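Asks: Structure file work_37.cif (mmCIF, C-alpha atoms) is given on the next line.
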data_input
#
loop_
_atom_site.group_PDB
_atom_site.id
_atom_site.type_symbol
_atom_site.label_atom_id
_atom_site.label_comp_id
_atom_site.auth_asym_id
_atom_site.auth_seq_id
_atom_site.Cartn_x
_atom_site.Cartn_y
_atom_site.Cartn_z
ATOM 1 C CA MET A 1 -201.588 143.453 -156.983
ATOM 2 C CA ASN A 2 -205.189 144.632 -157.459
ATOM 3 C CA VAL A 3 -207.546 142.070 -155.962
ATOM 4 C CA LEU A 4 -211.350 141.911 -156.115
ATOM 5 C CA VAL A 5 -213.035 139.725 -153.510
ATOM 6 C CA LEU A 6 -216.641 138.797 -154.213
ATOM 7 C CA GLY A 7 -218.432 139.316 -150.943
ATOM 8 C CA ALA A 8 -217.188 140.191 -147.477
ATOM 9 C CA GLY A 9 -218.734 137.230 -145.717
ATOM 10 C CA ALA A 10 -217.151 134.563 -143.575
ATOM 11 C CA VAL A 11 -214.605 133.324 -146.126
ATOM 12 C CA GLY A 12 -214.117 136.293 -148.452
ATOM 13 C CA GLY A 13 -214.125 138.728 -145.564
ATOM 14 C CA TYR A 14 -211.441 136.730 -143.779
ATOM 15 C CA PHE A 15 -208.976 136.171 -146.603
ATOM 16 C CA GLY A 16 -209.638 139.603 -148.097
ATOM 17 C CA ALA A 17 -208.985 141.261 -144.744
ATOM 18 C CA ARG A 18 -205.750 139.302 -144.332
ATOM 19 C CA LEU A 19 -204.567 140.426 -147.768
ATOM 20 C CA ALA A 20 -205.514 144.035 -147.042
ATOM 21 C CA GLU A 21 -203.799 143.804 -143.647
ATOM 22 C CA LYS A 22 -200.643 142.702 -145.462
ATOM 23 C CA GLY A 23 -200.846 145.671 -147.844
ATOM 24 C CA GLU A 24 -202.475 144.319 -151.000
ATOM 25 C CA ASN A 25 -204.933 146.576 -152.845
ATOM 26 C CA VAL A 26 -208.158 144.714 -152.005
ATOM 27 C CA THR A 27 -211.668 145.736 -153.063
ATOM 28 C CA PHE A 28 -214.777 143.922 -151.823
ATOM 29 C CA LEU A 29 -217.733 143.563 -154.198
ATOM 30 C CA VAL A 30 -220.758 143.490 -151.895
ATOM 31 C CA ARG A 31 -224.512 143.861 -151.846
ATOM 32 C CA LYS A 32 -225.986 147.225 -150.880
ATOM 33 C CA ARG A 33 -227.050 146.082 -147.415
ATOM 34 C CA ARG A 34 -223.602 144.704 -146.645
ATOM 35 C CA GLN A 35 -222.019 147.893 -147.939
ATOM 36 C CA GLU A 36 -224.105 149.970 -145.540
ATOM 37 C CA GLN A 37 -223.154 147.695 -142.652
ATOM 38 C CA LEU A 38 -219.432 147.885 -143.436
ATOM 39 C CA LEU A 39 -219.484 151.642 -143.939
ATOM 40 C CA LYS A 40 -220.877 152.037 -140.422
ATOM 41 C CA ARG A 41 -218.817 149.420 -138.622
ATOM 42 C CA GLY A 42 -215.847 148.621 -140.825
ATOM 43 C CA LEU A 43 -214.745 145.064 -141.523
ATOM 44 C CA ARG A 44 -213.915 143.362 -138.254
ATOM 45 C CA VAL A 45 -212.304 139.950 -137.949
ATOM 46 C CA HIS A 46 -212.124 138.108 -134.632
ATOM 47 C CA SER A 47 -209.603 135.320 -135.132
ATOM 48 C CA VAL A 48 -207.574 132.874 -133.107
ATOM 49 C CA HIS A 49 -204.678 134.076 -135.283
ATOM 50 C CA GLY A 50 -205.119 137.734 -134.394
ATOM 51 C CA ASP A 51 -207.910 140.257 -134.894
ATOM 52 C CA ILE A 52 -208.229 142.753 -137.744
ATOM 53 C CA HIS A 53 -210.235 145.939 -138.060
ATOM 54 C CA LEU A 54 -210.370 147.586 -141.468
ATOM 55 C CA ASP A 55 -212.000 150.874 -140.582
ATOM 56 C CA GLN A 56 -212.627 151.869 -144.209
ATOM 57 C CA PRO A 57 -212.426 148.806 -146.482
ATOM 58 C CA GLN A 58 -212.596 149.491 -150.218
ATOM 59 C CA LEU A 59 -216.130 148.589 -151.303
ATOM 60 C CA ILE A 60 -218.113 148.534 -154.533
ATOM 61 C CA VAL A 61 -221.564 147.255 -155.432
ATOM 62 C CA ALA A 62 -222.323 145.508 -158.713
ATOM 63 C CA GLY A 63 -222.309 147.899 -161.644
ATOM 64 C CA GLU A 64 -219.940 150.492 -160.189
ATOM 65 C CA GLU A 65 -216.853 151.195 -162.268
ATOM 66 C CA ALA A 66 -213.667 149.786 -160.791
ATOM 67 C CA GLY A 67 -210.518 147.966 -161.719
ATOM 68 C CA PRO A 68 -208.831 146.666 -163.681
ATOM 69 C CA PHE A 69 -208.244 143.727 -161.351
ATOM 70 C CA ASP A 70 -205.414 141.240 -161.546
ATOM 71 C CA VAL A 71 -207.185 138.625 -159.433
ATOM 72 C CA VAL A 72 -210.855 137.993 -158.653
ATOM 73 C CA ILE A 73 -211.485 135.727 -155.650
ATOM 74 C CA LEU A 74 -214.855 133.958 -155.491
ATOM 75 C CA SER A 75 -215.890 132.989 -151.981
ATOM 76 C CA ASN A 76 -219.665 132.745 -152.480
ATOM 77 C CA LYS A 77 -221.916 129.786 -151.797
ATOM 78 C CA ALA A 78 -222.707 127.597 -154.798
ATOM 79 C CA TYR A 79 -226.417 128.496 -154.768
ATOM 80 C CA HIS A 80 -225.405 132.110 -155.513
ATOM 81 C CA LEU A 81 -223.094 131.175 -158.384
ATOM 82 C CA ASP A 82 -225.275 132.408 -161.265
ATOM 83 C CA ASP A 83 -225.706 135.834 -159.687
ATOM 84 C CA SER A 84 -222.036 135.914 -158.741
ATOM 85 C CA LEU A 85 -220.891 135.358 -162.320
ATOM 86 C CA GLU A 86 -223.085 138.231 -163.472
ATOM 87 C CA SER A 87 -221.706 140.474 -160.735
ATOM 88 C CA ILE A 88 -218.027 139.903 -161.463
ATOM 89 C CA ALA A 89 -218.269 139.794 -165.285
ATOM 90 C CA PRO A 90 -217.628 143.556 -165.780
ATOM 91 C CA TYR A 91 -214.433 143.263 -163.727
ATOM 92 C CA VAL A 92 -212.879 140.295 -165.531
ATOM 93 C CA GLY A 93 -210.532 141.528 -168.252
ATOM 94 C CA GLU A 94 -208.193 139.832 -170.687
ATOM 95 C CA GLN A 95 -205.466 139.436 -168.060
ATOM 96 C CA THR A 96 -207.669 138.812 -165.021
ATOM 97 C CA VAL A 97 -207.273 135.546 -163.138
ATOM 98 C CA VAL A 98 -210.344 134.114 -161.358
ATOM 99 C CA ILE A 99 -209.730 131.990 -158.258
ATOM 100 C CA PRO A 100 -212.810 130.173 -156.898
ATOM 101 C CA LEU A 101 -212.736 129.022 -153.259
ATOM 102 C CA LEU A 102 -216.061 127.183 -153.467
ATOM 103 C CA ASN A 103 -216.511 123.636 -152.235
ATOM 104 C CA GLY A 104 -217.046 120.870 -154.773
ATOM 105 C CA ILE A 105 -216.242 120.609 -158.464
ATOM 106 C CA ALA A 106 -219.428 121.348 -160.436
ATOM 107 C CA HIS A 107 -218.852 125.119 -160.475
ATOM 108 C CA MET A 108 -215.740 124.797 -162.637
ATOM 109 C CA GLU A 109 -217.755 124.038 -165.781
ATOM 110 C CA GLN A 110 -219.823 127.193 -165.296
ATOM 111 C CA LEU A 111 -216.756 129.329 -164.747
ATOM 112 C CA TRP A 112 -215.043 127.959 -167.845
ATOM 113 C CA ALA A 113 -218.158 128.509 -169.947
ATOM 114 C CA ARG A 114 -218.451 132.128 -168.836
ATOM 115 C CA PHE A 115 -214.841 133.294 -168.706
ATOM 116 C CA GLY A 116 -212.814 130.692 -170.623
ATOM 117 C CA ARG A 117 -210.551 128.038 -169.181
ATOM 118 C CA GLU A 118 -207.525 130.290 -169.643
ATOM 119 C CA ARG A 119 -208.775 132.791 -167.035
ATOM 120 C CA VAL A 120 -209.870 130.358 -164.317
ATOM 121 C CA LEU A 121 -207.592 128.651 -161.813
ATOM 122 C CA GLY A 122 -208.591 125.861 -159.485
ATOM 123 C CA GLY A 123 -208.916 126.786 -155.835
ATOM 124 C CA LEU A 124 -210.116 125.784 -152.383
ATOM 125 C CA CYS A 125 -209.796 126.763 -148.757
ATOM 126 C CA PHE A 126 -209.627 125.135 -145.342
ATOM 127 C CA ILE A 127 -211.080 127.297 -142.593
ATOM 128 C CA GLU A 128 -213.778 127.369 -139.926
ATOM 129 C CA THR A 129 -215.363 130.796 -139.929
ATOM 130 C CA THR A 130 -218.766 132.439 -139.675
ATOM 131 C CA LEU A 131 -220.435 135.830 -139.328
ATOM 132 C CA ASN A 132 -221.814 136.895 -135.952
ATOM 133 C CA GLU A 133 -224.965 138.921 -135.370
ATOM 134 C CA ASP A 134 -223.042 142.174 -135.928
ATOM 135 C CA GLY A 135 -221.713 141.050 -139.316
ATOM 136 C CA ASP A 136 -218.193 140.515 -137.974
ATOM 137 C CA VAL A 137 -216.097 137.600 -139.199
ATOM 138 C CA VAL A 138 -215.392 135.042 -136.462
ATOM 139 C CA GLN A 139 -212.585 132.621 -137.333
ATOM 140 C CA THR A 140 -211.906 129.734 -134.948
ATOM 141 C CA SER A 141 -209.873 126.998 -136.651
ATOM 142 C CA PRO A 142 -206.099 126.425 -136.329
ATOM 143 C CA THR A 143 -206.056 126.006 -140.125
ATOM 144 C CA HIS A 144 -206.720 129.073 -142.281
ATOM 145 C CA GLU A 145 -205.448 128.149 -145.698
ATOM 146 C CA ALA A 146 -206.346 129.033 -149.295
ATOM 147 C CA VAL A 147 -204.847 127.051 -152.178
ATOM 148 C CA PHE A 148 -204.850 127.779 -155.918
ATOM 149 C CA GLY A 149 -203.224 126.433 -159.061
ATOM 150 C CA GLU A 150 -203.386 125.756 -162.775
ATOM 151 C CA TRP A 151 -206.154 123.267 -163.562
ATOM 152 C CA GLU A 152 -203.897 121.166 -165.775
ATOM 153 C CA GLY A 153 -201.247 121.021 -163.059
ATOM 154 C CA GLY A 154 -197.687 122.213 -162.764
ATOM 155 C CA ARG A 155 -196.573 125.787 -162.201
ATOM 156 C CA SER A 156 -196.866 128.914 -164.326
ATOM 157 C CA GLU A 157 -195.569 132.473 -164.323
ATOM 158 C CA ARG A 158 -198.930 133.874 -163.236
ATOM 159 C CA VAL A 159 -199.352 131.388 -160.404
ATOM 160 C CA ASP A 160 -195.833 132.137 -159.181
ATOM 161 C CA ALA A 161 -196.530 135.881 -159.389
ATOM 162 C CA ILE A 162 -199.709 135.567 -157.327
ATOM 163 C CA GLU A 163 -197.979 133.400 -154.747
ATOM 164 C CA ARG A 164 -195.155 135.938 -154.412
ATOM 165 C CA ALA A 165 -197.637 138.797 -154.045
ATOM 166 C CA PHE A 166 -199.625 136.980 -151.352
ATOM 167 C CA ALA A 167 -196.533 135.779 -149.449
ATOM 168 C CA GLY A 168 -196.232 137.186 -145.965
ATOM 169 C CA THR A 169 -199.989 137.267 -145.354
ATOM 170 C CA ALA A 170 -201.025 136.281 -141.823
ATOM 171 C CA ALA A 171 -202.839 133.306 -143.308
ATOM 172 C CA THR A 172 -201.577 130.501 -145.518
ATOM 173 C CA ILE A 173 -202.216 131.319 -149.188
ATOM 174 C CA ARG A 174 -200.216 129.027 -151.432
ATOM 175 C CA ALA A 175 -199.961 127.581 -154.913
ATOM 176 C CA SER A 176 -200.391 123.892 -155.719
ATOM 177 C CA ALA A 177 -198.945 121.969 -158.647
ATOM 178 C CA ASN A 178 -201.820 119.448 -158.433
ATOM 179 C CA ILE A 179 -204.938 121.487 -157.724
ATOM 180 C CA GLN A 180 -207.360 118.946 -159.217
ATOM 181 C CA ARG A 181 -206.280 116.327 -156.700
ATOM 182 C CA ASP A 182 -206.433 118.859 -153.878
ATOM 183 C CA MET A 183 -209.944 119.959 -154.853
ATOM 184 C CA TRP A 184 -211.258 116.398 -155.081
ATOM 185 C CA HIS A 185 -209.697 115.557 -151.713
ATOM 186 C CA LYS A 186 -211.336 118.630 -150.153
ATOM 187 C CA TYR A 187 -214.621 117.678 -151.851
ATOM 188 C CA LEU A 188 -214.455 114.229 -150.290
ATOM 189 C CA PHE A 189 -213.685 115.647 -146.858
ATOM 190 C CA ILE A 190 -216.357 118.347 -146.865
ATOM 191 C CA THR A 191 -218.977 115.928 -148.238
ATOM 192 C CA THR A 192 -218.266 113.608 -145.330
ATOM 193 C CA LEU A 193 -217.947 116.306 -142.656
ATOM 194 C CA SER A 194 -221.009 118.292 -143.718
ATOM 195 C CA GLY A 195 -222.988 115.117 -144.346
ATOM 196 C CA MET A 196 -222.367 113.608 -140.922
ATOM 197 C CA THR A 197 -222.682 116.793 -138.868
ATOM 198 C CA THR A 198 -225.968 117.754 -140.542
ATOM 199 C CA LEU A 199 -227.377 114.220 -140.425
ATOM 200 C CA MET A 200 -226.560 113.898 -136.722
ATOM 201 C CA ASN A 201 -227.196 117.597 -135.973
ATOM 202 C CA ALA A 202 -224.023 117.604 -133.942
ATOM 203 C CA ALA A 203 -220.415 118.725 -133.843
ATOM 204 C CA VAL A 204 -217.618 116.260 -134.545
ATOM 205 C CA GLY A 205 -216.957 115.270 -130.933
ATOM 206 C CA PRO A 206 -220.356 113.750 -130.078
ATOM 207 C CA ILE A 207 -220.389 111.936 -133.431
ATOM 208 C CA ARG A 208 -217.003 110.349 -132.671
ATOM 209 C CA ASP A 209 -218.163 109.334 -129.195
ATOM 210 C CA ALA A 210 -221.394 107.689 -130.385
ATOM 211 C CA VAL A 211 -221.378 103.924 -130.710
ATOM 212 C CA TYR A 212 -221.536 103.846 -134.533
ATOM 213 C CA GLY A 213 -220.223 107.343 -135.202
ATOM 214 C CA MET A 214 -216.879 106.538 -136.766
ATOM 215 C CA GLU A 215 -218.240 103.489 -138.595
ATOM 216 C CA LEU A 216 -220.902 105.584 -140.303
ATOM 217 C CA THR A 217 -218.464 108.402 -141.010
ATOM 218 C CA ARG A 218 -216.147 105.967 -142.750
ATOM 219 C CA GLN A 219 -219.045 104.452 -144.697
ATOM 220 C CA LEU A 220 -220.062 107.863 -146.019
ATOM 221 C CA ALA A 221 -216.478 108.666 -147.015
ATOM 222 C CA GLU A 222 -216.076 105.302 -148.752
ATOM 223 C CA GLU A 223 -219.290 105.814 -150.721
ATOM 224 C CA ALA A 224 -218.252 109.302 -151.865
ATOM 225 C CA ALA A 225 -214.773 108.056 -152.760
ATOM 226 C CA ALA A 226 -216.277 105.189 -154.791
ATOM 227 C CA VAL A 227 -218.241 107.681 -156.883
ATOM 228 C CA MET A 228 -215.162 109.822 -157.386
ATOM 229 C CA ARG A 229 -213.086 106.844 -158.498
ATOM 230 C CA ALA A 230 -215.817 105.885 -160.963
ATOM 231 C CA LEU A 231 -215.465 109.438 -162.318
ATOM 232 C CA HIS A 232 -211.686 108.869 -162.614
ATOM 233 C CA ALA A 233 -211.029 111.669 -160.161
ATOM 234 C CA PRO A 234 -207.326 111.868 -159.210
ATOM 235 C CA ILE A 235 -207.727 110.923 -155.543
ATOM 236 C CA ASP A 236 -205.123 109.024 -153.540
ATOM 237 C CA GLU A 237 -205.676 105.317 -152.974
ATOM 238 C CA ASP A 238 -205.476 105.739 -149.188
ATOM 239 C CA ILE A 239 -207.324 109.055 -148.972
ATOM 240 C CA VAL A 240 -210.215 107.719 -146.873
ATOM 241 C CA GLU A 241 -207.823 106.363 -144.270
ATOM 242 C CA LYS A 242 -205.974 109.685 -144.156
ATOM 243 C CA GLN A 243 -209.187 111.635 -143.794
ATOM 244 C CA MET A 244 -210.480 109.394 -141.022
ATOM 245 C CA LYS A 245 -207.327 110.250 -139.056
ATOM 246 C CA THR A 246 -207.987 113.933 -139.732
ATOM 247 C CA PHE A 247 -211.586 113.540 -138.555
ATOM 248 C CA GLN A 248 -210.333 111.898 -135.356
ATOM 249 C CA ASN A 249 -208.068 114.883 -134.683
ATOM 250 C CA LEU A 250 -210.625 117.636 -135.275
ATOM 251 C CA GLY A 251 -211.656 119.768 -132.310
ATOM 252 C CA TYR A 252 -214.516 118.369 -130.239
ATOM 253 C CA GLY A 253 -216.790 121.303 -131.075
ATOM 254 C CA MET A 254 -215.903 121.495 -134.788
ATOM 255 C CA LYS A 255 -218.966 121.999 -136.989
ATOM 256 C CA SER A 256 -219.255 122.123 -140.751
ATOM 257 C CA SER A 257 -220.288 125.449 -142.244
ATOM 258 C CA MET A 258 -223.357 123.645 -143.619
ATOM 259 C CA LEU A 259 -224.504 122.757 -140.112
ATOM 260 C CA ARG A 260 -223.886 126.332 -138.968
ATOM 261 C CA ASP A 261 -225.994 127.549 -141.898
ATOM 262 C CA MET A 262 -228.800 125.161 -140.939
ATOM 263 C CA GLU A 263 -228.701 126.394 -137.349
ATOM 264 C CA LYS A 264 -229.244 129.919 -138.700
ATOM 265 C CA GLY A 265 -232.038 128.826 -141.050
ATOM 266 C CA LEU A 266 -229.959 129.651 -144.147
ATOM 267 C CA PRO A 267 -229.804 127.858 -147.526
ATOM 268 C CA VAL A 268 -227.428 124.891 -147.904
ATOM 269 C CA GLU A 269 -225.315 123.512 -150.747
ATOM 270 C CA ALA A 270 -227.021 120.110 -150.821
ATOM 271 C CA ASP A 271 -227.342 119.912 -154.598
ATOM 272 C CA HIS A 272 -223.831 121.195 -155.294
ATOM 273 C CA LEU A 273 -222.118 118.769 -152.908
ATOM 274 C CA GLN A 274 -223.968 115.568 -151.993
ATOM 275 C CA GLY A 275 -226.514 115.958 -154.787
ATOM 276 C CA TYR A 276 -223.909 116.188 -157.533
ATOM 277 C CA LEU A 277 -222.224 112.988 -156.367
ATOM 278 C CA LEU A 278 -225.549 111.180 -156.113
ATOM 279 C CA ARG A 279 -226.539 112.169 -159.638
ATOM 280 C CA ARG A 280 -223.244 110.864 -160.951
ATOM 281 C CA ALA A 281 -223.537 107.697 -158.847
ATOM 282 C CA GLU A 282 -226.912 106.947 -160.409
ATOM 283 C CA GLU A 283 -225.504 107.557 -163.907
ATOM 284 C CA LEU A 284 -222.564 105.226 -163.221
ATOM 285 C CA GLY A 285 -224.420 102.551 -161.240
ATOM 286 C CA VAL A 286 -222.477 103.131 -158.016
ATOM 287 C CA ALA A 287 -224.334 102.249 -154.798
ATOM 288 C CA ALA A 288 -224.393 105.060 -152.214
ATOM 289 C CA PRO A 289 -227.156 104.295 -149.667
ATOM 290 C CA LEU A 290 -225.874 106.450 -146.797
ATOM 291 C CA LEU A 291 -225.184 109.341 -149.143
ATOM 292 C CA LYS A 292 -228.859 109.112 -150.140
ATOM 293 C CA VAL A 293 -229.895 109.390 -146.491
ATOM 294 C CA VAL A 294 -227.659 112.425 -146.005
ATOM 295 C CA TYR A 295 -228.991 114.118 -149.118
ATOM 296 C CA ASN A 296 -232.593 113.327 -148.227
ATOM 297 C CA ASN A 297 -232.095 114.859 -144.783
ATOM 298 C CA LEU A 298 -230.837 118.063 -146.407
ATOM 299 C CA LYS A 299 -233.743 118.178 -148.849
ATOM 300 C CA VAL A 300 -236.217 117.740 -145.972
ATOM 301 C CA TYR A 301 -234.529 120.698 -144.271
ATOM 302 C CA GLU A 302 -234.927 122.741 -147.459
ATOM 303 C CA ARG A 303 -238.637 121.908 -147.669
ATOM 304 C CA LYS A 304 -239.214 122.820 -144.026
ATOM 305 C CA ARG A 305 -237.254 126.044 -144.502
ATOM 306 C CA GLU A 306 -239.339 127.044 -147.526
ATOM 307 C CA ALA A 307 -242.584 126.178 -145.747
ATOM 308 C CA GLY A 308 -241.568 128.318 -142.772
ATOM 309 C CA LYS A 309 -240.981 131.456 -144.822
#
Please re-express this file's structure in C-alpha cells.
Replies:
Amino acid sequence: MNVLVLGAGAVGGYFGARLAEKGENVTFLVRKRRQEQLLKRGLRVHSVHGDIHLDQPQLIVAGEEAGPFDVVILSNKAYHLDDSLESIAPYVGEQTVVIPLLNGIAHMEQLWARFGRERVLGGLCFIETTLNEDGDVVQTSPTHEAVFGEWEGGRSERVDAIERAFAGTAATIRASANIQRDMWHKYLFITTLSGMTTLMNAAVGPIRDAVYGMELTRQLAEEAAAVMRALHAPIDEDIVEKQMKTFQNLGYGMKSSMLRDMEKGLPVEADHLQGYLLRRAEELGVAAPLLKVVYNNLKVYERKREAGK
C-alpha cells in the first residue's frame, strides 16, 4: 500500500517509520529544512518498543510529483492545518483515503470541505513522543496506538483493507467501528491532560500528589464532558470516571505534548482544543469556569511567546 505521511515529526515520524520498518511503501512529505536534516542523518526513532533507523527514508517536499497514494496520514498540529491541506491536495486522488491523527474534532469540517466526506476517515492516536535536539523521534509511552474508521461507524471494505495492510506493524494500528465516540473520548482526555499539566506546569505525578490535584483534574474533565454532552457528542455516561482511573495510572513523569511544546517555546493548540469547547460552551450556556482558567493561561503563554520573538 502506498502511504504518504505529512511530516516526519514526533507522531508522523514514529508511525511512518513503523510502517516503513514493516515493509509498507511510505513517503514523508516534509519541509525543505527537515528534508535536509533527514538526508544527512536518516530518520531515527528511539523507542521503548525498539529503535528504528531508516537510513534513506523516501522524502518529498510540497510540489514535487509523487504518488498516487492510497492513504494520506495527517499528523500535523492544528495550527498548521491550512498549510497542510494545501500541501497534500496534489496527492489526494479519487481513491485516496485521508486519515487525520490530530487531536480534537474541529479539523474534520475543514477536511470534509476540502476533500469531501467520502475521502476522509476519522482518526486519532495515543502516544507520548517528541523530537530531540538532533531531530530524532523519542517515544517513551507504553501505548503507541493509532486508530481509524468510517465517520458514520461500522466497517467497510477500504477500512478492512487498510487494517490488513498495516497488520504486523510494531505499533498498534487498528480500525474502529465507532470512531466518533473514540475521537470524542480522546478529545476529553487530552483536553484534561493538556489543560492540567500546562496550568500547573508539571507532569502528572506532582499534580496527583498535590492536595487538590485530583479534585481539580476531575472538575476540568466534568466541565469538558458537560460541553460535549450539550453538543450531543456520543460519549459514554461513565467516561469521566474511567478517565480519572487512567489518569491515576499514568507514569509519574508523564507530560502532555502541549506542555512539552511550551517548554520548548513552541506554538500550542489552545484554540483548537480548549478554545473550541469554550466557544461552544458560551453558545450553549454551559458553565466552564476552570476551562476558562486553563484557556486563559494558554493565551497568556501565547502573548508572552509573541512578545519574546
Asks: What lies within 8 Å of stretch 99-108 of chain A using all atoms listed in the file, ignoring chain neighbours under 4 positions off, as a ChimeraX atom specification?
Replies: /A:71-78,81,112,120-125,146,148,183-184,186-187,190,272-273,276
Asks: Enclose the full set of atoms of stretch 157-166 of chain A listed in the file within a box whose edges lie along x, y and z, apply 6 Å of padding to each of the six sides, and report centre and edge lengths in Å to one decimal as AutoDock Vina command-line options.
Replies:
--center_x -197.4 --center_y 135.1 --center_z -157.8 --size_x 16.6 --size_y 19.4 --size_z 25.0
Asks: Taking the file as shown, find all residues satisfying the PyMOL selection byres ((chain A and resi 49) around 8) and write them as a VMD selection string.
Replies: chain A and resid 47 to 48 50 to 51 142 170
Asks: Would you save the residues from that selection as a compact mmCIF listing (two decimals), in the coordinates of the input, using C-alpha atoms?
Replies:
# COMPACT_ATOMS: atom_id res chain seq x y z
CA SER A 47 -209.60 135.32 -135.13
CA VAL A 48 -207.57 132.87 -133.11
CA GLY A 50 -205.12 137.73 -134.39
CA ASP A 51 -207.91 140.26 -134.89
CA PRO A 142 -206.10 126.42 -136.33
CA ALA A 170 -201.02 136.28 -141.82
Asks: Grab the atom CA of A:Leu6 to atom CA of A:Pro90 distance for me, in Å with one decimal place.
Replies: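 Calculated distance between atom CA of A:Leu6 and atom CA of A:Pro90 is 12.5 Å.
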Asks: So, with only C-alpha atoms as the atoms that count, which of A:Gln35, A:Thr192, A:Thr96, A:Thr197 lies closest to A:Thr246?
Replies: A:Thr192
Asks: On this structure, the PyMOL selection byres ((chain A and resi 66) around 12) would catch which residues? List them as a ChimeraX atom specification, sorted by chain and number.
Replies: /A:2-4,26-29,58-65,67-70,88-93
Asks: Output the selection as a PDB file, in the frame of the given file - C-alpha atoms for each residue.
Replies:
ATOM      1  CA  ASN A   2    -205.189 144.632-157.459  1.00  0.00           C
ATOM      2  CA  VAL A   3    -207.546 142.070-155.962  1.00  0.00           C
ATOM      3  CA  LEU A   4    -211.350 141.911-156.115  1.00  0.00           C
ATOM      4  CA  VAL A  26    -208.158 144.714-152.005  1.00  0.00           C
ATOM      5  CA  THR A  27    -211.668 145.736-153.063  1.00  0.00           C
ATOM      6  CA  PHE A  28    -214.777 143.922-151.823  1.00  0.00           C
ATOM      7  CA  LEU A  29    -217.733 143.563-154.198  1.00  0.00           C
ATOM      8  CA  GLN A  58    -212.596 149.491-150.218  1.00  0.00           C
ATOM      9  CA  LEU A  59    -216.130 148.589-151.303  1.00  0.00           C
ATOM     10  CA  ILE A  60    -218.113 148.534-154.533  1.00  0.00           C
ATOM     11  CA  VAL A  61    -221.564 147.255-155.432  1.00  0.00           C
ATOM     12  CA  ALA A  62    -222.323 145.508-158.713  1.00  0.00           C
ATOM     13  CA  GLY A  63    -222.309 147.899-161.644  1.00  0.00           C
ATOM     14  CA  GLU A  64    -219.940 150.492-160.189  1.00  0.00           C
ATOM     15  CA  GLU A  65    -216.853 151.195-162.268  1.00  0.00           C
ATOM     16  CA  GLY A  67    -210.518 147.966-161.719  1.00  0.00           C
ATOM     17  CA  PRO A  68    -208.831 146.666-163.681  1.00  0.00           C
ATOM     18  CA  PHE A  69    -208.244 143.727-161.351  1.00  0.00           C
ATOM     19  CA  ASP A  70    -205.414 141.240-161.546  1.00  0.00           C
ATOM     20  CA  ILE A  88    -218.027 139.903-161.463  1.00  0.00           C
ATOM     21  CA  ALA A  89    -218.269 139.794-165.285  1.00  0.00           C
ATOM     22  CA  PRO A  90    -217.628 143.556-165.780  1.00  0.00           C
ATOM     23  CA  TYR A  91    -214.433 143.263-163.727  1.00  0.00           C
ATOM     24  CA  VAL A  92    -212.879 140.295-165.531  1.00  0.00           C
ATOM     25  CA  GLY A  93    -210.532 141.528-168.252  1.00  0.00           C
TER      26      GLY A  93
END
Asks: What does the distance between atom CA of A:Val147 and atom CA of A:Gly253 come to in Å, to one decimal place?
Replies: 24.9 Å
Asks: Which residue out of A:Gly205, A:Asp182, A:Ser257, A:Asn297 has the minimum interatomic distance to A:Thr140 when all atoms listed in the file are used?
Replies: A:Ser257
Asks: Which one is closest to A:Arg218: A:Ala230, A:Glu237, A:Leu188, A:Asp136? Count all atoms listed in the file.
Replies: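 Smallest distance to A:Arg218 is found for A:Leu188.
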Asks: Using only C-alpha atoms, which of A:Glu21, A:Gln37, A:Asp238, A:Lys245 sits nearest A:Ile52?
Replies: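 Counting only C-alpha atoms, the residue closest to A:Ile52 is A:Glu21.
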Asks: Name the residues in contact with A:Asp55 at a cut-off of 10 Å, using all atoms listed in the file, excluding same-chain residues fewer than 3 positions from it; report them as a PyMOL selection string.
Replies: chain A and resi 38-44+52+58
Asks: Do you know which residues are at most 7 Å from A:Val227 counting only C-alpha atoms, after dropping those on the same chain fewer than 5 positions away, and could you put them as a list in words?
Replies: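 With the cut-off at 7 Å, the set is Leu277, Ala281 and Val286 of chain A.
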Asks: Work out how far apart atom CA of A:Ile239 and atom CA of A:Ala224 are and give it in Å to one decimal.
Replies: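 Atom-to-atom, atom CA of A:Ile239 and atom CA of A:Ala224 are spaced 11.3 Å apart.
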Asks: Could you expand the PyMOL selection byres ((chain A and resi 176) around 6) into the explicit residues it covers here, written as a ChimeraX atom specification?
Replies: /A:148-149,175,177-179
Asks: Could you please take those selected residues and save C-alpha atoms as a PDB file, in the frame of the given file?
Replies:
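Done, and the output landed in out34.pdb:
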ATOM      1  CA  PHE A 148    -204.850 127.779-155.918  1.00  0.00           C
ATOM      2  CA  GLY A 149    -203.224 126.433-159.061  1.00  0.00           C
ATOM      3  CA  ALA A 175    -199.961 127.581-154.913  1.00  0.00           C
ATOM      4  CA  ALA A 177    -198.945 121.969-158.647  1.00  0.00           C
ATOM      5  CA  ASN A 178    -201.820 119.448-158.433  1.00  0.00           C
ATOM      6  CA  ILE A 179    -204.938 121.487-157.724  1.00  0.00           C
TER       7      ILE A 179
END
Asks: If we count only C-alpha atoms and set the cut-off at 8 Å, which residues sit around A:Val268, ignoring sequence neighbours fewer than 3 positions away in its own chain? Please answer as a ChimeraX atom specification.
Replies: /A:79,258,261-262,298,302
Asks: Residues of stretch 153-207 of chain A that approach stretch 9-18 of chain A to 12 Å or less, counting only C-alpha atoms: could you list each one with the shortest pair of atoms and its distance in Å to one decimal, rows by chain and increasing residue number, as a tab-separated table?
Replies:
residue	atom	partner	partner_atom	distance
A:Phe166	CA	A:Arg18	CA	9.6
A:Ala167	CA	A:Arg18	CA	11.1
A:Gly168	CA	A:Arg18	CA	9.9
A:Thr169	CA	A:Arg18	CA	6.2
A:Ala170	CA	A:Arg18	CA	6.1
A:Ala171	CA	A:Arg18	CA	6.7
A:Thr172	CA	A:Phe15	CA	9.4
A:Ile173	CA	A:Phe15	CA	8.7
Asks: For A:Tyr295, which of A:Ser256, A:Ser194, A:Glu86, A:Met228 is the closest residue, counting all atoms listed in the file?
Replies: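 Looking at the shortest contact to A:Tyr295, the residue is A:Ser194.
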Asks: Rank A:Val294, A:Ala165, A:Val138, A:Val159 by their smallest atom-to-atom distance to A:Met1, using all atoms listed in the file, and report the top residue only.
Replies: A:Ala165
